[in-house]
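Q: Structure provided below as structure tokens; questions to follow.
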Amino acid sequence: MKGRPLRFTPRRDAGLFRYERALDHAGFSPVAGVDEAGRGACAGPMVVGAVMLQGGRGRIDGLADSKLLTPARREELYAEIVERAYAWSAIVIPCHDIDRIGLHRCNITGMRRALAALDKRPAYVLSDGFPVPGLDVPGLAMIKGDQAAACVAAASIIAKVTRDRIMVALHERYPEYGFDVHKGYVTRAHGKALTMHGPCAEHRFSYVNVGRALRNNGDVVLEEEAEGDLPGEDRTEGARA
């Protein structure tokens with residue numbers, strides 16, 4: 001990979017596209033951002049998004065960390081990213097993989113899979129939080145990358161919207177848990193539902209609170225596990241504008 005090394009850290013007040021501009025100046029283009037949604041939830045899948053933004057057409061105003069946006073604004077930006085991104089992908093990792101393999105390994109593997117699913121090869125990778133080993137291009141792990149780099153913010157929106165849609169669909173199957181509201185995260189209402197009904201097949205049994213509910217009410221899981229595949233399980237999405 002040819003390119004001039006970065007000799008400075010872009011100024012924080014230089015805007016959300018500052019890392020992409022600096023990397024482009026150093027000869028690294030396009031740049032891919034990768035981020036996940038659902039890491040802290042105790043139910044539902046984890047989703048990893050990857051996005052490459054390039055050139056004037058790829059510049060999307062209003063990008064921000066998905067957690068800082070309203071659901072309606074996330075949906076608007078999701079549609080714009082899908083339409084205008086140079087390339088994008090979303091990887092859905094089901095809860096039973098998280099139980100079997102472990103959360104961190106699923107996170108890193110999901111990032112590699114999301115990057116591999118892009119139909120254009122990046123020259124550089126920016127990842128939120130964790131480095132992604134095993135790539136054949138250079139990369140940088142960024143603390144709060146979804147607030148520092150546009151491509152990571154876009155990836156966070158792709159991951160969050162994809163996962164929220166899955167959790168709303170799961171609410172139709174398991175309405176007693178309120179997945180459409182809390183999206184599988186640990187809330188007081190979710191905790192009460194777990195205590196009352198026990199976990200369903202979409203809960204992560206390796207989590208302490210879910211394991212406790214399973215011991216107290218394990219028969220519910222056995223009934224629900226026979227219902228078939230879950231929406232979005234092990235799915236890969238991606239496109240190029």
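Residues are referred to by chain and number: the chain letter is A, B, ... according to the order shown in the structure tokens, the number counts from 1 in that chain, and ligands are numbered separately from 1 in the order shown.
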Could you pull out the strand (DSSP E) residues of chain A, going by DSSP on the backbone, and write them as JSON, numbers by chain?
A: {"A": [31, 32, 33, 34, 35, 36, 37, 46, 47, 48, 49, 50, 51, 52, 87, 88, 89, 90, 91, 92, 93, 124, 125, 126, 127, 128, 139, 140, 141, 142, 236, 237, 238, 239]}
Q: Between A:Val208, A:Leu170, A:Ala123, A:Ala26, which has the minimum distance to Asp136 in chain A (counting only C-alpha atoms)?
A: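 Looking at the shortest contact to Asp136 in chain A, the residue is A:Ala123.
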Q: List as a PyMOL selection string the protein and nucleic acid residues near range 94-105 of chain A, meaning an atom at most 7 Å away when only C-alpha atoms are counted, but skip any in the same chain fewer than 3 places from it.
A: chain A and resi 44-46+108-109+202-206+233-234
Q: Can you write out the residues you just picked, keeping C-alpha atoms, as a compact mmCIF listing (two decimals), in the first residue's frame?
A:
# COMPACT_ATOMS: atom_id res chain seq x y z
CA GLY A 44 -31.47 -9.73 20.01
CA PRO A 45 -28.58 -9.82 17.55
CA MET A 46 -25.55 -7.62 17.28
CA ILE A 108 -14.24 -8.33 15.90
CA THR A 109 -15.33 -11.11 13.53
CA GLU A 202 -33.84 -14.38 21.32
CA HIS A 203 -32.27 -13.64 24.71
CA ARG A 204 -28.54 -14.09 25.34
CA PHE A 205 -28.33 -16.90 27.86
CA SER A 206 -24.67 -16.18 28.69
CA GLU A 233 -30.64 -14.02 11.44
CA ASP A 234 -27.08 -14.18 10.06
Q: I'd like the interatomic distance between CA of Ile143 in chain A and CA of Ser66 in chain A, to a tenth of an Å.
A: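 Going from CA of Ile143 in chain A over to CA of Ser66 in chain A covers 15.1 Å.
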Q: Excluding same-chain residues fewer than 2 positions from Thr162 in chain A, what lies within 10 Å of it counting only C-alpha atoms, as a list in words?
A: Ala37, Met46, Val47, Val48, Gly49, Glu75, Tyr78, Ala90, Ile91, Val92, Ser156, Ile157, Ile158, Ala159, Lys160, Asp164, Arg165, Ile166, Met167, Gly232 and Glu237 of chain A
Q: Could you save those same residues with N, CA and C atoms as a compact mmCIF listing (two decimals), in the first residue's frame?
A:
# COMPACT_ATOMS: atom_id res chain seq x y z
N ALA A 37 -23.89 -2.17 16.64
CA ALA A 37 -25.04 -1.81 17.47
C ALA A 37 -25.51 -3.07 18.18
N MET A 46 -26.44 -8.76 17.45
CA MET A 46 -25.55 -7.62 17.28
C MET A 46 -25.43 -7.38 15.78
N VAL A 47 -25.43 -6.12 15.38
CA VAL A 47 -25.31 -5.76 13.97
C VAL A 47 -24.07 -4.90 13.78
N VAL A 48 -23.29 -5.22 12.78
CA VAL A 48 -22.09 -4.44 12.46
C VAL A 48 -22.28 -3.80 11.09
N GLY A 49 -22.05 -2.50 11.02
CA GLY A 49 -22.16 -1.78 9.76
C GLY A 49 -20.80 -1.29 9.29
N GLU A 75 -33.52 7.28 10.54
CA GLU A 75 -34.11 6.68 9.34
C GLU A 75 -33.84 7.54 8.11
N TYR A 78 -30.20 7.10 7.26
CA TYR A 78 -29.99 5.75 6.73
C TYR A 78 -30.31 5.71 5.24
N ALA A 90 -24.06 -4.43 6.04
CA ALA A 90 -24.53 -4.67 7.40
C ALA A 90 -24.51 -6.18 7.66
N ILE A 91 -23.90 -6.57 8.76
CA ILE A 91 -23.80 -7.97 9.15
C ILE A 91 -24.62 -8.21 10.41
N VAL A 92 -25.48 -9.20 10.40
CA VAL A 92 -26.31 -9.53 11.55
C VAL A 92 -25.76 -10.78 12.22
N SER A 156 -22.36 3.57 12.12
CA SER A 156 -23.17 3.42 13.34
C SER A 156 -24.65 3.56 13.03
N ILE A 157 -25.00 4.43 12.09
CA ILE A 157 -26.40 4.62 11.71
C ILE A 157 -26.91 3.40 10.96
N ILE A 158 -26.11 2.86 10.03
CA ILE A 158 -26.50 1.65 9.31
C ILE A 158 -26.74 0.51 10.30
N ALA A 159 -25.83 0.33 11.26
CA ALA A 159 -25.96 -0.76 12.22
C ALA A 159 -27.17 -0.57 13.12
N LYS A 160 -27.36 0.65 13.62
CA LYS A 160 -28.44 0.92 14.57
C LYS A 160 -29.81 0.78 13.91
N ASP A 164 -32.57 -1.96 14.96
CA ASP A 164 -33.86 -1.51 15.48
C ASP A 164 -35.02 -2.11 14.69
N ARG A 165 -34.87 -2.21 13.39
CA ARG A 165 -35.92 -2.81 12.57
C ARG A 165 -36.10 -4.28 12.92
N ILE A 166 -35.00 -4.98 13.17
CA ILE A 166 -35.10 -6.39 13.57
C ILE A 166 -35.82 -6.51 14.91
N MET A 167 -35.49 -5.64 15.86
CA MET A 167 -36.12 -5.73 17.18
C MET A 167 -37.61 -5.39 17.12
N GLY A 232 -33.95 -11.70 10.20
CA GLY A 232 -32.64 -11.07 10.10
C GLY A 232 -31.48 -11.95 10.52
N GLU A 237 -26.25 -7.51 4.34
CA GLU A 237 -26.80 -6.57 3.37
C GLU A 237 -25.65 -5.70 2.86
Q: Within range 16-219 of chain A, find each residue whose DSSP state, derived from the backbone, is alpha helix (DSSP H), and express the selection as an MDAnalysis selection string.
A: chainID A and resid 18:25 71:84 95:101 103:117 150:173 179:182 188:197 208:216 219
Q: List the neighbours of Lys192 in chain A out to 12 Å using only C-alpha atoms; skip same-chain residues closer than 2 positions along the sequence, and give me the result as a ChimeraX atom specification.
A: /A:176-178,186-190,194-199,209-210,213
Q: Taking N, CA and C atoms for each residue, export the selection above as an mmCIF file, in the first residue's frame.
A:
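The file below, out.cif, is the result:
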data_model
loop_
_atom_site.group_PDB
_atom_site.id
_atom_site.type_symbol
_atom_site.label_atom_id
_atom_site.label_comp_id
_atom_site.auth_asym_id
_atom_site.auth_seq_id
_atom_site.Cartn_x
_atom_site.Cartn_y
_atom_site.Cartn_z
ATOM 1 N N GLU A 176 -44.656 -9.649 24.689
ATOM 2 C CA GLU A 176 -44.641 -9.491 26.145
ATOM 3 C C GLU A 176 -43.367 -8.817 26.655
ATOM 4 N N TYR A 177 -42.328 -8.740 25.833
ATOM 5 C CA TYR A 177 -41.065 -8.176 26.312
ATOM 6 C C TYR A 177 -40.879 -6.696 25.968
ATOM 7 N N GLY A 178 -41.626 -6.167 25.033
ATOM 8 C CA GLY A 178 -41.487 -4.761 24.671
ATOM 9 C C GLY A 178 -40.232 -4.449 23.878
ATOM 10 N N VAL A 186 -31.043 -3.568 28.680
ATOM 11 C CA VAL A 186 -31.446 -3.823 30.062
ATOM 12 C C VAL A 186 -32.129 -2.573 30.609
ATOM 13 N N THR A 187 -33.429 -2.643 30.757
ATOM 14 C CA THR A 187 -34.218 -1.573 31.363
ATOM 15 C C THR A 187 -35.077 -2.170 32.467
ATOM 16 N N ARG A 188 -35.685 -1.317 33.245
ATOM 17 C CA ARG A 188 -36.550 -1.805 34.328
ATOM 18 C C ARG A 188 -37.724 -2.603 33.762
ATOM 19 N N ALA A 189 -38.332 -2.095 32.678
ATOM 20 C CA ALA A 189 -39.464 -2.801 32.084
ATOM 21 C C ALA A 189 -39.041 -4.159 31.520
ATOM 22 N N HIS A 190 -37.875 -4.187 30.897
ATOM 23 C CA HIS A 190 -37.372 -5.452 30.352
ATOM 24 C C HIS A 190 -37.096 -6.440 31.480
ATOM 25 N N LEU A 194 -38.723 -10.175 32.012
ATOM 26 C CA LEU A 194 -37.914 -11.376 32.185
ATOM 27 C C LEU A 194 -38.322 -12.137 33.437
ATOM 28 N N THR A 195 -38.560 -11.404 34.522
ATOM 29 C CA THR A 195 -38.966 -12.048 35.765
ATOM 30 C C THR A 195 -40.323 -12.728 35.613
ATOM 31 N N MET A 196 -41.229 -12.091 34.914
ATOM 32 C CA MET A 196 -42.579 -12.619 34.776
ATOM 33 C C MET A 196 -42.663 -13.774 33.778
ATOM 34 N N HIS A 197 -41.992 -13.648 32.645
ATOM 35 C CA HIS A 197 -42.170 -14.607 31.548
ATOM 36 C C HIS A 197 -40.972 -15.529 31.340
ATOM 37 N N GLY A 198 -39.823 -15.202 31.953
ATOM 38 C CA GLY A 198 -38.616 -15.931 31.618
ATOM 39 C C GLY A 198 -38.098 -15.484 30.272
ATOM 40 N N PRO A 199 -36.886 -15.914 29.893
ATOM 41 C CA PRO A 199 -36.329 -15.491 28.608
ATOM 42 C C PRO A 199 -36.956 -16.225 27.435
ATOM 43 N N ASN A 209 -28.273 -11.747 33.962
ATOM 44 C CA ASN A 209 -29.696 -11.519 34.245
ATOM 45 C C ASN A 209 -30.585 -12.498 33.484
ATOM 46 N N VAL A 210 -30.189 -12.862 32.272
ATOM 47 C CA VAL A 210 -30.973 -13.826 31.490
ATOM 48 C C VAL A 210 -30.825 -15.218 32.085
ATOM 49 N N ALA A 213 -33.091 -15.480 35.055
ATOM 50 C CA ALA A 213 -34.488 -15.643 34.666
ATOM 51 C C ALA A 213 -34.748 -17.036 34.108
#
Q: Applying 6 Å and only C-alpha atoms, which residues near Gly33 in chain A remain after dropping the ones on its own chain fewer than 3 positions away? List them as a PyMOL selection string.
A: chain A and resi 50-51+125-127+151-152
Q: Pick out the closest residue to Tyr185 in chain A from this set: A:Arg113, A:Arg163, A:Arg173, A:Arg84. Count only C-alpha atoms.
A: A:Arg163
Q: Which distance in Å separates CA of Cys200 in chain A and CA of Gly110 in chain A, to one decimal?
A: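 According to the coordinates, CA of Cys200 in chain A and CA of Gly110 in chain A are separated by 23.7 Å.
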Q: Measure the distance from CA of Arg39 in chain A to CA of Tyr86 in chain A in Å and round it to one decimal.
A: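 So the answer is 26.3 Å.
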Q: If we count only C-alpha atoms and set the cut-off at 7 Å, which residues sit around Gln147 in chain A, ignoring sequence neighbours fewer than 6 positions away in its own chain? Please answer as a list in words.
A: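 Those residues are Ala64, Asp65 and Ala153 of chain A.
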